[in-house]
$ cat data25.txt   # compact mmCIF, C-alpha atoms
# COMPACT_ATOMS: atom_id res chain seq x y z
CA MET A 1 0.00 0.00 0.00
CA GLY A 2 1.38 3.39 -1.02
CA ARG A 3 1.46 6.66 0.88
CA THR A 4 -1.56 8.87 1.28
CA TYR A 5 -1.42 12.58 0.52
CA ILE A 6 -4.01 14.72 2.28
CA VAL A 7 -4.25 17.82 0.13
CA GLU A 8 -5.74 21.25 0.81
CA GLU A 9 -8.67 21.79 -1.57
CA THR A 10 -7.26 25.11 -2.68
CA VAL A 11 -4.27 23.22 -4.13
CA GLY A 12 -6.64 21.37 -6.46
CA GLN A 13 -8.25 24.63 -7.47
CA TYR A 14 -4.85 26.15 -8.12
CA LEU A 15 -3.78 23.28 -10.39
CA SER A 16 -7.09 23.39 -12.28
CA ASN A 17 -6.80 27.14 -12.86
CA ILE A 18 -3.33 27.04 -14.41
CA ASN A 19 -3.63 27.82 -18.10
CA LEU A 20 -1.00 26.31 -20.36
CA GLN A 21 -1.42 29.24 -22.78
CA GLY A 22 0.10 27.31 -25.64
CA LYS A 23 2.97 25.89 -23.59
CA ALA A 24 3.80 22.19 -23.71
CA PHE A 25 3.69 21.99 -19.92
CA VAL A 26 3.84 23.85 -16.63
CA SER A 27 5.84 22.36 -13.76
CA GLY A 28 6.12 23.32 -10.12
CA LEU A 29 6.54 22.33 -6.50
CA LEU A 30 4.32 20.73 -3.86
CA ILE A 31 4.83 22.00 -0.30
CA GLY A 32 3.73 20.50 2.99
CA GLN A 33 4.71 18.20 5.84
CA CYS A 34 5.59 14.52 6.19
CA SER A 35 4.39 12.24 8.93
CA SER A 36 4.80 8.53 9.53
CA GLN A 37 1.29 7.71 8.35
CA LYS A 38 0.53 10.30 5.69
CA ASP A 39 1.76 13.52 4.14
CA TYR A 40 -0.03 16.87 4.10
CA VAL A 41 0.10 19.16 1.05
CA ILE A 42 -0.93 22.74 1.79
CA LEU A 43 0.55 24.63 -1.15
CA ALA A 44 1.50 24.24 -4.80
CA THR A 45 3.48 26.78 -6.78
CA ARG A 46 4.50 26.70 -10.40
CA THR A 47 8.07 27.39 -11.45
CA PRO A 48 8.24 30.87 -13.00
CA PRO A 49 8.89 30.84 -16.76
CA LYS A 50 12.44 31.49 -17.78
CA GLU A 51 11.27 33.26 -20.88
CA GLU A 52 7.97 33.65 -22.65
CA GLN A 53 7.42 31.07 -25.37
CA ASN A 54 4.50 30.48 -27.66
CA GLU A 55 4.25 26.76 -28.17
CA SER A 56 1.54 24.63 -29.68
CA PRO A 57 0.02 21.91 -27.46
CA THR A 58 0.25 19.55 -30.43
CA HIS A 59 4.01 19.46 -29.92
CA SER A 60 3.83 18.69 -26.19
CA LYS A 61 5.55 15.31 -26.41
CA ALA A 62 8.48 16.68 -28.37
CA LYS A 63 8.90 19.74 -26.15
CA LEU A 64 8.78 17.93 -22.79
CA ASP A 65 12.49 17.19 -22.98
CA ASN A 66 13.09 20.94 -22.90
CA LEU A 67 12.26 21.12 -19.19
CA ASP A 68 15.11 23.11 -17.66
CA GLU A 69 16.13 21.13 -14.58
CA GLU A 70 18.67 23.72 -13.49
CA TRP A 71 16.03 26.46 -13.55
CA ALA A 72 13.49 24.27 -11.73
CA THR A 73 15.95 23.23 -9.03
CA GLU A 74 17.04 26.83 -8.43
CA HIS A 75 13.39 27.71 -7.94
CA ALA A 76 13.13 24.88 -5.40
CA HIS A 77 16.20 26.18 -3.59
CA GLN A 78 14.74 29.70 -3.40
CA VAL A 79 11.36 28.43 -2.22
CA SER A 80 12.92 26.24 0.48
CA ARG A 81 14.28 29.42 2.11
CA MET A 82 10.73 30.72 2.41
CA LEU A 83 9.46 27.73 4.38
CA PRO A 84 9.41 27.85 8.19
CA GLY A 85 10.31 24.80 10.26
CA GLY A 86 8.16 21.74 9.67
CA LEU A 87 7.43 22.52 6.01
CA LEU A 88 9.27 20.90 3.11
CA VAL A 89 9.23 20.63 -0.64
CA LEU A 90 7.40 17.28 -0.81
CA GLY A 91 7.69 16.78 -4.54
CA VAL A 92 6.92 18.14 -7.98
CA PHE A 93 3.98 18.40 -10.33
CA ILE A 94 3.58 18.83 -14.05
CA ILE A 95 0.52 19.93 -16.01
CA THR A 96 0.08 18.96 -19.65
CA ALA A 97 -2.77 18.72 -22.15
CA LEU A 98 -2.04 15.02 -22.61
CA GLU A 99 -2.62 12.14 -20.23
CA MET A 100 0.23 10.47 -18.39
CA GLY A 101 2.73 8.58 -20.49
CA SER A 102 6.11 7.03 -19.82
CA GLU A 103 7.90 10.16 -21.07
CA PHE A 104 6.12 12.29 -18.45
CA GLN A 105 6.95 9.87 -15.65
CA ASN A 106 10.64 9.71 -16.63
CA THR A 107 10.84 13.50 -16.73
CA LEU A 108 9.21 13.84 -13.33
CA ARG A 109 11.43 11.14 -11.87
CA ARG A 110 14.58 13.02 -12.90
CA LEU A 111 13.13 16.28 -11.67
CA VAL A 112 12.09 15.10 -8.19
CA PHE A 113 15.58 13.68 -7.51
CA ALA A 114 17.22 16.89 -8.79
CA VAL A 115 14.95 19.06 -6.64
CA GLU A 116 15.64 17.03 -3.50
CA LYS A 117 19.38 17.29 -4.10
CA SER A 118 19.12 21.05 -4.59
CA VAL A 119 17.19 21.78 -1.38
CA ASN A 120 19.38 19.46 0.73
CA LYS A 121 22.88 20.40 -0.36
CA LYS A 122 23.29 23.45 1.89
CA ARG A 123 21.36 22.32 4.95
CA LEU A 124 23.04 22.14 8.35
CA TRP A 125 21.04 19.06 9.34
CA ASN A 126 20.33 15.60 7.97
CA PHE A 127 17.19 13.51 7.84
CA THR A 128 16.99 10.74 10.41
CA GLU A 129 16.61 7.10 9.45
CA GLU A 130 13.09 7.06 10.85
CA GLU A 131 11.87 9.90 8.64
CA VAL A 132 9.88 9.45 5.46
CA SER A 133 12.20 9.27 2.45
CA GLU A 134 9.53 9.20 -0.26
CA ARG A 135 8.81 12.21 -2.45
CA VAL A 136 5.82 12.61 -4.71
CA ILE A 137 5.41 13.25 -8.43
CA LEU A 138 2.04 14.44 -9.69
CA HIS A 139 0.81 14.68 -13.25
CA PHE A 140 -2.33 16.72 -13.90
CA CYS A 141 -4.02 16.52 -17.30
CA SER A 142 -5.61 19.88 -18.08
CA SER A 143 -8.01 18.42 -20.65
CA THR A 144 -9.36 15.40 -18.73
CA LYS A 145 -8.59 16.66 -15.16
CA LYS A 146 -7.14 13.23 -14.38
CA ILE A 147 -4.39 12.92 -11.76
CA PHE A 148 -1.47 10.49 -11.79
CA CYS A 149 0.31 10.28 -8.41
CA ARG A 150 3.43 8.25 -7.59
CA THR A 151 6.30 8.34 -5.09
CA TYR A 152 10.02 7.60 -5.21
CA ASP A 153 12.47 6.85 -2.42
CA ILE A 154 14.89 9.75 -2.74
CA HIS A 155 17.54 7.82 -0.79
CA ASP A 156 17.61 5.18 -3.52
CA PRO A 157 18.33 6.53 -7.04
CA LYS A 158 17.31 3.15 -8.48
CA SER A 159 13.97 3.00 -6.71
CA SER A 160 10.82 2.25 -8.68
CA ALA A 161 7.64 4.30 -8.60
CA LYS A 162 5.05 3.39 -5.99
CA PRO A 163 1.34 4.25 -6.25
CA ALA A 164 0.03 6.93 -3.90
CA ASP A 165 -3.40 8.24 -2.95
CA TRP A 166 -4.20 11.91 -3.54
CA LYS A 167 -7.12 13.04 -1.38
CA TYR A 168 -8.49 16.56 -1.07
CA GLN A 169 -9.65 17.98 2.25
CA ASN A 170 -11.24 21.34 2.93
CA GLY A 171 -9.60 23.56 5.59
CA LEU A 172 -6.56 21.33 5.98
CA SER A 173 -4.19 24.20 6.78
CA ALA A 174 -6.50 25.95 9.25
CA SER A 175 -5.62 23.97 12.37
CA TRP A 176 -1.86 23.71 12.69
CA LEU A 177 0.19 24.24 15.83
CA SER A 178 2.45 27.28 15.68
CA LEU A 179 5.80 27.28 17.49
CA GLU A 180 7.75 30.52 17.90
CA CYS A 181 10.97 31.59 19.57
CA THR A 182 13.63 34.28 19.49
CA VAL A 183 17.21 33.03 19.40
CA TYR A 184 20.04 35.27 20.53
CA ILE A 185 23.16 34.08 18.76
CA ASN A 186 26.81 34.97 19.17
CA ILE A 187 28.76 32.56 17.03
CA HIS A 188 32.53 32.96 17.00
CA VAL A 189 34.24 31.46 13.95
CA PRO A 190 38.06 31.32 13.91
CA LEU A 191 39.91 31.76 10.62
CA SER A 192 42.53 29.07 10.97
CA THR A 193 46.12 29.73 9.94
CA THR A 194 46.06 26.36 8.18
CA SER A 195 43.15 27.39 5.96
CA VAL A 196 44.15 30.87 4.87
CA SER A 197 43.03 30.08 1.33
CA TYR A 198 39.43 29.68 2.51
CA THR A 199 37.09 32.53 1.75
CA LEU A 200 35.06 34.26 4.40
CA GLU A 201 32.02 32.35 3.16
CA LYS A 202 33.69 28.93 3.51
CA ASN A 203 34.99 29.71 6.98
CA THR A 204 31.57 30.91 8.09
CA LYS A 205 29.93 27.75 6.78
CA ASN A 206 32.41 25.61 8.68
CA GLY A 207 31.69 27.56 11.85
CA LEU A 208 27.95 27.18 11.35
CA ALA A 209 28.39 23.43 10.96
CA ARG A 210 29.99 23.24 14.42
CA TRP A 211 27.26 25.46 15.86
CA ALA A 212 24.60 23.23 14.26
CA LYS A 213 25.85 20.25 16.25
CA GLN A 214 25.41 22.27 19.44
CA ILE A 215 21.85 23.20 18.52
CA GLU A 216 21.07 19.58 17.62
CA ASN A 217 22.37 18.41 20.99
CA GLY A 218 20.42 21.01 22.94
CA ILE A 219 17.68 20.05 25.38
CA TYR A 220 14.28 21.61 24.81
CA LEU A 221 11.84 22.27 27.62
CA ILE A 222 8.09 22.42 27.15
CA ASN A 223 6.08 24.02 29.94
CA GLY A 224 9.25 24.02 31.99
CA GLN A 225 9.74 20.28 31.53
CA VAL A 226 11.79 18.01 29.35
CA LYS A 227 9.29 15.59 27.88
CA ASP A 228 9.85 12.13 26.54
CA GLU A 229 10.19 12.49 22.79
CA ASP A 230 7.56 9.86 22.01
CA CYS A 231 4.85 11.29 24.25
CA ASP A 232 2.08 13.57 23.05
CA LEU A 233 3.06 17.21 22.80
CA LEU A 234 0.71 18.24 25.60
CA GLU A 235 1.76 15.48 27.99
CA GLY A 236 5.03 14.19 29.35
CA GLN A 237 7.38 13.67 32.24
CA LEU A 238 10.19 15.69 33.73
CA LEU A 239 13.70 14.51 32.93
CA ASN A 240 16.88 15.62 34.66
CA SER A 241 20.16 16.27 32.97
CA ASP A 242 23.44 18.12 33.44
CA HIS A 243 25.74 18.18 30.43
CA ARG A 244 29.01 20.06 30.18
CA SER A 245 31.64 20.56 27.52
CA THR A 246 34.86 22.52 27.16
CA ALA A 247 36.20 24.83 24.48
CA MET A 248 39.31 24.49 22.37
CA VAL A 249 41.75 27.33 21.69
CA GLN A 250 43.74 27.56 18.49
CA ILE A 251 46.08 30.01 16.76
CA CYS A 252 44.13 31.90 14.09
CA SER A 253 44.70 34.39 11.33
CA GLY A 254 41.45 36.11 12.25
CA SER A 255 37.89 35.48 13.27
CA VAL A 256 34.27 36.00 12.26
CA ASN A 257 31.52 36.89 14.68
CA LEU A 258 27.89 36.26 13.90
CA LYS A 259 25.67 38.11 16.36
CA GLY A 260 22.05 39.05 16.71
CA ALA A 261 18.50 38.08 17.62
CA VAL A 262 16.61 36.01 15.07
CA LYS A 263 12.94 35.09 14.99
CA CYS A 264 12.19 31.42 14.45
CA ARG A 265 8.89 29.76 13.66
CA ALA A 266 7.72 26.23 12.92
CA TYR A 267 4.41 24.51 12.22
CA ILE A 268 3.13 21.08 13.14
CA HIS A 269 -0.09 19.49 11.94
CA SER A 270 -2.45 19.08 14.87
CA ASN A 271 -3.17 15.39 14.25
CA LYS A 272 -1.67 14.01 17.49
CA PRO A 273 1.84 15.50 17.14
CA LYS A 274 4.63 14.12 19.28
CA VAL A 275 7.15 16.08 21.31
CA LYS A 276 9.97 14.96 19.03
CA ASP A 277 8.12 16.35 16.01
CA ALA A 278 7.80 19.81 17.57
CA VAL A 279 11.40 19.91 18.80
CA GLN A 280 12.75 18.69 15.48
CA ALA A 281 10.77 21.27 13.50
CA MET A 282 11.99 24.11 15.71
CA LYS A 283 15.62 23.00 15.68
CA ARG A 284 15.59 22.87 11.90
CA ASP A 285 14.05 26.30 11.58
CA ILE A 286 16.76 27.73 13.85
CA LEU A 287 19.45 26.15 11.70
CA ASN A 288 17.79 27.02 8.40
CA THR A 289 17.12 30.67 9.10
CA VAL A 290 20.66 31.41 10.28
CA ALA A 291 22.28 29.53 7.39
CA ASP A 292 19.93 31.10 4.83
CA ARG A 293 20.66 34.62 6.06
CA CYS A 294 24.40 34.05 5.70
CA GLU A 295 23.97 32.57 2.24
CA ILE A 296 21.78 35.49 1.12
CA LEU A 297 24.35 37.95 2.46
CA PHE A 298 27.22 36.32 0.59
CA GLU A 299 25.14 36.24 -2.59
CA ASP A 300 24.50 39.96 -2.14
CA LEU A 301 28.19 40.66 -1.61
CA LEU A 302 29.05 38.70 -4.74
CA LEU A 303 26.31 40.39 -6.78
CA ASN A 304 27.52 43.83 -5.75
CA GLU A 305 31.18 42.82 -6.08
CA ILE A 306 32.14 43.92 -2.58
CA PRO A 307 35.68 42.56 -1.99
CA GLU A 308 36.69 40.91 1.24
CA LYS A 309 39.20 42.94 3.22
CA LYS A 310 42.70 41.51 3.47
CA ASP A 311 44.13 43.80 6.14
CA SER A 312 43.59 44.03 9.88
CA GLU A 313 40.54 46.29 9.65
CA LYS A 314 37.19 44.97 10.74
CA GLU A 315 34.57 44.17 8.16
CA PHE A 316 30.93 44.61 9.13
CA HIS A 317 27.80 43.43 7.31
CA ILE A 318 24.15 43.43 8.36
CA LEU A 319 22.28 40.20 7.75
CA PRO A 320 18.78 40.34 6.28
CA HIS A 321 15.90 40.18 8.73
CA ARG A 322 12.88 37.93 8.49
CA VAL A 323 9.45 38.84 7.15
CA PHE A 324 6.40 36.59 7.56
CA VAL A 325 3.32 36.50 5.32
CA PRO A 326 0.10 34.54 5.97
CA ILE A 327 -1.35 32.03 3.54
CA PRO A 328 -4.98 33.11 2.96
CA GLY A 329 -7.39 30.86 4.85
CA SER A 330 -4.57 29.22 6.79
CA THR A 331 -2.90 29.49 10.18
CA VAL A 332 0.44 28.82 8.44
CA MET A 333 2.74 31.69 7.46
CA LEU A 334 5.59 31.68 4.98
CA CYS A 335 8.66 33.91 5.17
CA ASP A 336 11.19 35.89 3.21
CA TYR A 337 14.31 37.91 4.00
CA LYS A 338 14.71 41.65 3.64
CA PHE A 339 17.73 43.92 3.69
CA GLY A 340 17.23 47.35 5.19
CA ASP A 341 17.16 49.15 1.84
CA GLU A 342 14.62 46.80 0.26
CA SER A 343 11.03 48.01 -0.02
CA ALA A 344 7.86 46.17 0.89
CA GLU A 345 6.96 46.22 -2.80
CA GLU A 346 10.10 44.22 -3.61
CA ILE A 347 9.15 41.59 -1.05
CA ARG A 348 5.64 41.44 -2.51
CA ASP A 349 7.07 40.96 -6.02
CA HIS A 350 9.40 38.22 -4.80
CA PHE A 351 6.50 36.31 -3.24
CA LEU A 352 4.60 36.60 -6.50
CA GLU A 353 7.55 35.33 -8.53
CA MET A 354 8.57 32.47 -6.25
CA LEU A 355 5.21 31.32 -4.84
CA ASP A 356 2.82 32.59 -7.51
CA ARG A 357 0.77 34.33 -4.83
CA MET A 358 -0.23 37.98 -4.67
CA ILE A 359 0.13 39.24 -1.11
CA GLN A 360 -1.02 42.44 0.52
CA ILE A 361 1.71 44.73 1.77
CA GLU A 362 -0.28 45.39 4.94
CA ASP A 363 -0.10 41.64 5.70
CA LEU A 364 3.69 41.68 5.91
CA GLU A 365 4.84 40.88 9.44
CA ILE A 366 8.27 42.34 10.07
CA ALA A 367 9.68 39.81 12.51
CA GLU A 368 12.81 41.68 13.51
CA GLU A 369 14.31 45.10 13.74
CA ILE A 370 16.61 45.90 10.85
CA ASN A 371 19.86 45.83 12.82
CA THR A 372 19.22 42.81 15.04
CA ALA A 373 21.66 40.48 13.30
CA CYS A 374 25.05 41.12 11.77
CA ILE A 375 28.24 39.40 10.70
CA SER A 376 31.66 40.93 11.27
CA SER A 377 35.16 39.70 10.62
CA SER A 378 38.52 40.85 11.92
CA MET A 379 42.13 39.75 11.92
CA ASP A 380 43.52 38.56 15.26
CA THR A 381 45.92 35.95 16.53
CA GLU A 382 43.95 33.73 18.86
CA ALA A 383 40.33 32.63 19.02
CA SER A 384 38.18 29.96 20.62
CA LEU A 385 36.99 27.24 18.27
CA ASP A 386 33.73 26.48 20.00
CA ASN A 387 33.19 29.44 22.30
CA THR A 388 30.61 31.99 21.17
CA ASP A 389 31.77 34.94 23.26
CA ASP A 390 34.55 37.34 22.35
CA GLU A 391 36.48 36.31 25.45
CA GLN A 392 36.98 32.97 27.11
CA PRO A 393 34.28 32.74 29.83
CA LYS A 394 35.16 31.93 33.39
CA GLN A 395 31.70 30.61 34.19
CA PRO A 396 29.33 28.27 32.33
CA ILE A 397 27.20 30.04 29.76
CA LYS A 398 23.44 29.64 29.83
CA THR A 399 21.40 30.46 26.75
CA THR A 400 17.64 30.22 26.89
CA ILE A 401 15.37 30.05 23.87
CA VAL A 402 11.79 30.94 24.69
CA LEU A 403 9.46 28.76 22.66
CA LYS A 404 5.70 29.27 22.36
CA ILE A 405 3.32 26.69 21.04
CA GLN A 406 0.08 28.27 19.87
CA GLN A 407 -3.14 26.44 19.18
CA ASN A 408 -6.78 27.33 18.71
CA ILE A 409 -7.55 26.14 22.24
CA GLY A 410 -4.91 28.28 23.92
CA VAL A 411 -1.24 29.06 24.37
CA ILE A 412 1.35 26.78 25.95
CA ALA A 413 4.59 28.35 27.13
CA ALA A 414 7.75 26.39 26.45
CA PHE A 415 11.45 26.91 26.89
CA ALA A 416 14.49 25.55 25.11
CA VAL A 417 18.11 25.57 26.17
CA ALA A 418 20.65 25.43 23.36
CA ALA A 419 24.14 24.08 23.91
CA LEU A 420 26.32 27.05 23.05
CA ALA A 421 29.92 27.19 24.25
CA ALA A 422 32.45 26.42 26.89
CA GLY A 423 31.24 24.89 30.14
CA ILE A 424 27.62 24.30 29.22
CA SER A 425 25.09 23.41 31.87
CA PHE A 426 21.43 22.83 31.18
CA HIS A 427 18.85 24.38 33.44
CA TYR A 428 15.16 23.81 33.56
CA PHE A 429 12.61 26.56 33.84
CA SER A 430 9.03 26.52 34.92
CA ASP A 431 6.24 29.05 34.53

$ encode --input "data25.txt" --output "structure tokens"
Amino acid sequence: MGRTYIVEETVGQYLSNINLQGKAFVSGLLIGQCSSQKDYVILATRTPPKEEQNESPTHSKAKLDNLDEEWATEHAHQVSRMLPGGLLVLGVFIITALEMGSEFQNTLRRLVFAVEKSVNKKRLWNFTEEEVSERVILHFCSSTKKIFCRTYDIHDPKSSAKPADWKYQNGLSASWLSLECTVYINIHVPLSTTSVSYTLEKNTKNGLARWAKQIENGIYLINGQVKDEDCDLLEGQLLNSDHRSTAMVQICSGSVNLKGAVKCRAYIHSNKPKVKDAVQAMKRDILNTVADRCEILFEDLLLNEIPEKKDSEKEFHILPHRVFVPIPGSTVMLCDYKFGDESAEEIRDHFLEMLDRMIQIEDLEIAEEINTACISSSMDTEASLDNTDDEQPKQPIKTTIVLKIQQNIGVIAAFAVAALAAGISFHYFSD
């Protein structure tokens, strides 16, 4: 028996309303959340056209090979940045005037593997062995309205297609749990004397990888308690723990400091979620949003050809801050990133291009103040490899992440403690 996809009815309406306008096909992405029993699809978005073409539907079969995988995968990469914790690109769709044939399935198979590779290559985390490894391909025939749905195991390039059920449900995205927190980061990245050829970007990525392990190993408290990961989110027992680690000191050619307060958000479907699902979604949003901001900054520096400084002067850059936008008729919000000089109109246009959705400027939720996060680099001679403060601390460092789980029936306060530096001790908080 194959997987079941529970799909928001508006997704079906969206697919039905796409007009080929003489094109051989329209392809795009399916967005939602995986669970052990079934997957939830709450959004579909077509890949923006690379250039306008006037094609005849009679040549659809011949033109299908012209699908630009590189363009489609770059779209997937951009969209993945706009998804809060808990949401993923679940697969791809294609719309044609012809019914499903082997050529369509082969094209979709190649595309779904390419998309998965694109969205995974720069992540700071890995999927666990217990997580669902199937991704969906969907073919929608615009003339007959028939749907062909199959899945592939993206961990096995030689896997065969499996049948899957595609079931629409009204109001699917209206009852999700919302998790929110503000993370105050101070990540210290040494520029090793043995890796002087590394660029600022490479060194920062290496530092983020070490920080990611600390976030992954953190202990998260819900309602002041550490709950068993397999218990229901609203129930659980108190666990006790006291973990400590020490920092390393190395000779460096310089260092990079990543500082600021970042807003994190994750969503969990309300169908009996487990504690481990909520914690995992929030951890991944923390990691994603910090990594994405750095990547966007470096892209901006490259685009504007701002050279990296080679002398002892400090270099200072402001990271983009997060903007949230609601999905109409849903409790789920998507996000984007905005530099201080970007206008609200530019953010609106980016949402339209990437997600094929017109948003209202007044709906933009500016999550952070413009100057709340920054990255600076300087040349010095000694730095701590794992410590996040400018100086070696004499006492254990405690960093608390305040996490809120919101639901239609009320608000549950939660707290998370992230493992962040030398001499870490975990403390538990209660309301």

$ closest_residue --input "data25.txt" --among "A:Thr4, A:Ser27, A:Asn186, A:Ser255" --to "His139 (chain A)" --atoms "only C-alpha atoms"
A:Ser27

$ residues_around --input "data25.txt" --residues "region 362-368 of chain A" --least-positions-apart "6" --cutoff "8 Å" --atoms "all atoms listed in the file" --output "PDB file with C-alpha atoms, keeping the file's coordinate frame"
ATOM      1  CA  ALA A 261      18.500  38.080  17.620  1.00  0.00           C
ATOM      2  CA  VAL A 262      16.610  36.010  15.070  1.00  0.00           C
ATOM      3  CA  LYS A 263      12.940  35.090  14.990  1.00  0.00           C
ATOM      4  CA  HIS A 321      15.900  40.180   8.730  1.00  0.00           C
ATOM      5  CA  ARG A 322      12.880  37.930   8.490  1.00  0.00           C
ATOM      6  CA  VAL A 323       9.450  38.840   7.150  1.00  0.00           C
ATOM      7  CA  PHE A 324       6.400  36.590   7.560  1.00  0.00           C
ATOM      8  CA  VAL A 325       3.320  36.500   5.320  1.00  0.00           C
ATOM      9  CA  PRO A 326       0.100  34.540   5.970  1.00  0.00           C
ATOM     10  CA  ALA A 344       7.860  46.170   0.890  1.00  0.00           C
TER      11      ALA A 344
END

$ atom_distance --input "data25.txt" --atom1 "CA of Leu83 (chain A)" --atom2 "CA of Cys34 (chain A)"
13.9 Å

$ residues_around --input "data25.txt" --residues "Leu352 (chain A)" --least-positions-apart "5" --cutoff "12 Å" --atoms "all atoms listed in the file" --output "PyMOL selection string"
chain A and resi 45-48+79+325+336+345-347+357-361

$ closest_residue --input "data25.txt" --among "A:Leu43, A:Phe25, A:Arg81, A:Phe127" --to "Phe104 (chain A)" --atoms "all atoms listed in the file"
A:Phe25

$ atom_distance --input "data25.txt" --atom1 "CA of Phe140 (chain A)" --atom2 "CA of Ile94 (chain A)"
6.3 Å

$ closest_residue --input "data25.txt" --among "A:Tyr5, A:Phe93, A:Trp71, A:Tyr267" --to "Leu30 (chain A)" --atoms "all atoms listed in the file"
A:Phe93

$ atom_distance --input "data25.txt" --atom1 "CA of Glu201 (chain A)" --atom2 "CA of Ala291 (chain A)"
11.0 Å

$ residues_around --input "data25.txt" --residues "Glu216 (chain A)" --least-positions-apart "2" --cutoff "10 Å" --atoms "all atoms listed in the file" --output "PyMOL selection string"
chain A and resi 124-125+211-214+218-219+279-280+283-284+286-287+418-419

$ residues_around --input "data25.txt" --residues "Glu130 (chain A)" --least-positions-apart "2" --cutoff "12 Å" --atoms "only C-alpha atoms" --output "ChimeraX atom specification"
/A:34-36,126-128,132-134,276-277

$ residues_around --input "data25.txt" --residues "Thr151 (chain A)" --least-positions-apart "2" --cutoff "8 Å" --atoms "all atoms listed in the file" --output "ChimeraX atom specification"
/A:3,134-137,149,153,161-164

$ axis_aligned_box --input "data25.txt" --around "region 73-86 of chain A" --padding-each-side "4 Å" --output "lines of an AutoDock Vina configuration file"
center_x = 12.6
center_y = 26.2
center_z = 0.6
size_x = 16.9
size_y = 17.0
size_z = 27.3

$ closest_residue --input "data25.txt" --among "A:Cys141, A:Phe148, A:Asn170, A:Asn206" --to "Lys122 (chain A)" --atoms "all atoms listed in the file"
A:Asn206

$ closest_residue --input "data25.txt" --among "A:Leu200, A:Leu179, A:Cys335, A:Ala24" --to "Phe298 (chain A)" --atoms "only C-alpha atoms"
A:Leu200
